[in-house]
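Data block for structure-v1.cif (mmCIF, C-alpha atoms):
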data_input
#
loop_
_atom_site.label_atom_id
_atom_site.label_comp_id
_atom_site.auth_asym_id
_atom_site.auth_seq_id
_atom_site.Cartn_x
_atom_site.Cartn_y
_atom_site.Cartn_z
CA MET A 1350 -50.69 121.26 65.59
CA THR A 1351 -47.00 120.87 64.90
CA ILE A 1352 -45.03 117.85 65.93
CA THR A 1353 -42.29 118.45 68.48
CA GLU A 1354 -38.63 117.56 68.35
CA GLN A 1355 -39.43 114.67 70.71
CA ASP A 1356 -42.03 113.41 68.24
CA LEU A 1357 -39.43 113.58 65.48
CA GLU A 1358 -36.96 111.64 67.59
CA ALA A 1359 -39.61 108.94 68.17
CA ALA A 1360 -40.28 108.64 64.41
CA GLY A 1361 -39.22 105.27 63.17
CA GLU A 1362 -38.92 103.63 66.58
CA GLY A 1363 -39.45 99.89 66.31
CA PHE A 1364 -38.94 99.63 62.54
CA ASP A 1365 -36.40 97.56 60.68
CA PHE A 1366 -34.82 99.85 58.12
CA PRO A 1367 -34.92 100.13 55.19
CA CYS A 1368 -38.69 99.74 54.95
CA GLU A 1369 -41.81 101.20 53.37
CA TYR A 1370 -43.25 103.92 55.59
CA PRO A 1371 -46.44 105.98 55.17
CA VAL A 1372 -45.70 109.66 55.83
CA LYS A 1373 -48.92 111.60 56.55
CA ALA A 1374 -49.77 115.26 56.72
CA MET A 1375 -53.12 116.97 57.16
CA GLY A 1376 -53.92 120.41 55.83
CA PRO A 1377 -56.32 122.37 53.63
CA ASN A 1378 -58.30 120.50 51.01
CA THR A 1379 -56.58 122.07 48.01
CA PRO A 1380 -54.58 120.67 45.10
CA GLU A 1381 -51.78 123.04 46.08
CA PHE A 1382 -51.44 121.45 49.52
CA LYS A 1383 -51.14 117.97 48.06
CA ALA A 1384 -48.58 119.19 45.52
CA ALA A 1385 -46.57 120.98 48.21
CA ILE A 1386 -46.35 117.83 50.35
CA VAL A 1387 -45.22 115.74 47.37
CA ASP A 1388 -42.70 118.43 46.33
CA VAL A 1389 -41.17 118.42 49.83
CA VAL A 1390 -41.00 114.63 50.11
CA LYS A 1391 -39.70 113.94 46.58
CA PRO A 1392 -36.08 115.10 47.15
CA HIS A 1393 -35.88 112.68 50.10
CA ALA A 1394 -37.62 109.84 48.28
CA PRO A 1395 -37.16 110.05 44.50
CA GLU A 1396 -39.05 106.77 44.09
CA VAL A 1397 -42.32 108.52 44.96
CA SER A 1398 -44.84 108.35 42.10
CA SER A 1399 -48.51 109.16 41.75
CA ASN A 1400 -49.22 105.58 42.88
CA SER A 1401 -47.41 106.35 46.15
CA VAL A 1402 -49.67 109.29 47.06
CA HIS A 1403 -53.14 108.93 48.55
CA CYS A 1404 -55.52 111.61 49.80
CA LYS A 1405 -58.58 111.47 52.00
CA THR A 1406 -60.95 114.39 52.52
CA SER A 1407 -62.35 115.17 55.98
CA LYS A 1408 -66.09 114.85 56.69
CA THR A 1409 -66.54 118.60 56.38
CA GLY A 1410 -64.46 118.82 53.21
CA LYS A 1411 -62.27 121.51 54.77
CA TYR A 1412 -59.18 119.34 55.23
CA GLN A 1413 -57.40 116.49 53.51
CA SER A 1414 -54.84 114.01 54.70
CA VAL A 1415 -52.05 113.30 52.25
CA THR A 1416 -50.23 109.99 52.67
CA VAL A 1417 -46.99 109.44 50.79
CA LEU A 1418 -45.52 105.96 50.88
CA VAL A 1419 -41.73 106.26 51.01
CA TYR A 1420 -38.90 103.78 51.24
CA ALA A 1421 -37.35 104.94 54.51
CA GLN A 1422 -33.64 104.27 54.81
CA SER A 1423 -33.28 105.12 58.50
CA LYS A 1424 -34.75 106.98 61.44
CA ASP A 1425 -32.69 110.03 60.43
CA HIS A 1426 -34.17 109.83 56.94
CA LEU A 1427 -37.70 110.02 58.40
CA ILE A 1428 -36.74 112.88 60.70
CA ALA A 1429 -35.45 114.87 57.72
CA ILE A 1430 -38.68 114.25 55.78
CA TYR A 1431 -40.89 115.32 58.69
CA LYS A 1432 -38.81 118.43 59.37
CA ASP A 1433 -39.32 119.54 55.78
CA ILE A 1434 -43.04 118.70 55.83
CA ARG A 1435 -43.41 121.00 58.84
CA THR A 1436 -42.30 123.93 56.64
CA VAL A 1437 -45.33 123.56 54.32
CA ASP A 1438 -47.96 126.26 54.82
CA GLY A 1439 -51.22 124.90 56.19
CA VAL A 1440 -49.93 121.71 57.82
CA VAL A 1441 -52.24 121.00 60.74
CA TRP A 1442 -50.62 117.76 61.88
CA THR A 1443 -48.32 115.00 60.76
CA LEU A 1444 -48.25 111.34 61.53
#

Can you turn what I pasted into structure tokens?
Amino acid sequence: MTITEQDLEAAGEGFDFPCEYPVKAMGPNTPEFKAAIVDVVKPHAPEVSSNSVHCKTSKTGKYQSVTVLVYAQSKDHLIAIYKDIRTVDGVVWTL
């Protein structure tokens, strides 16, 4: 499932920026997927380190959710991050 433009516009509603924000994406349970998500987020949030990235494997082991804690500057900043995440092969959903 891909998020819609309306979902992107709603990203960041109700937050006081700048703030820490957990960006999540779910996709295949592979090291390449995790690396691809981090590679896409890093240009938007250079502060991201290995301590900022957390993964959780699904019950079946087929999928993983990758959470990257970023320091979001604005709603537009989050929209840009999510738009780029949507370009990663295998993304099932974002949150």

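Computed from the coordinates, the atom CA of His1426 of chain A to atom CA of Ala1374 of chain A distance equals 16.5 Å.
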
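Using all atoms listed in the file, the shortest contact distance between Gln1422 of chain A and any of A:Cys1368, A:Lys1373, A:Gly1439, A:Gly1363 is found at A:Cys1368.
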
Care to translate the PyMOL selection byres ((chain A and resi 1417) around 7) into actual residues of this file, as a PyMOL selection string?
chain A and resi 1371-1373+1401-1403+1415-1416+1418-1419

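The shortest atom-to-atom distance to Phe1364 of chain A, with all atoms listed in the file taken into account, belongs to A:Ser1423 out of A:Thr1443, A:Ser1423, A:Ala1385, A:Ser1407.
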
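Between atom CA of Cys1404 of chain A and atom CA of Ile1434 of chain A lies a distance of 15.6 Å.
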
How big is the axis-aligned box around all listed atoms of segment 1415-1423 of chain A once 6 Å goes on each side, and where's its centre, in Å to one decimal, as lines of an AutoDock Vina configuration file?
center_x = -42.7
center_y = 108.5
center_z = 54.6
size_x = 30.8
size_y = 21.5
size_z = 19.7

Translate the PyMOL selection byres ((chain A and resi 1431) around 9), as applied to the file shown, into an explicit residue set as a PyMOL selection string.
chain A and resi 1352+1357+1360+1372+1390+1426-1430+1432-1436+1443-1444

Fewer than 4 positions away in the same chain doesn't count, so skip those; otherwise give me all residues within 12 Å of Thr1409 of chain A, counting only C-alpha atoms, as a list in words.
Pro1377, Asn1378, Lys1405 and Gln1413 of chain A

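All protein and nucleic acid residues in the vicinity of (-49.8, 118.2, 59.5), that is within 6 Å when counting only C-alpha atoms, are Ala1374, Met1375, Gly1376, Val1440, Val1441, Trp1442 and Thr1443 of chain A.
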
Between atom CA of Gly1410 of chain A and atom CA of Glu1381 of chain A, measure the distance and give it in Å to one decimal.
15.1 Å

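Nearest residue to Glu1396 of chain A among A:Lys1411, A:Ala1421, A:Thr1379, A:Ala1384 is A:Ala1421, counting all atoms listed in the file.
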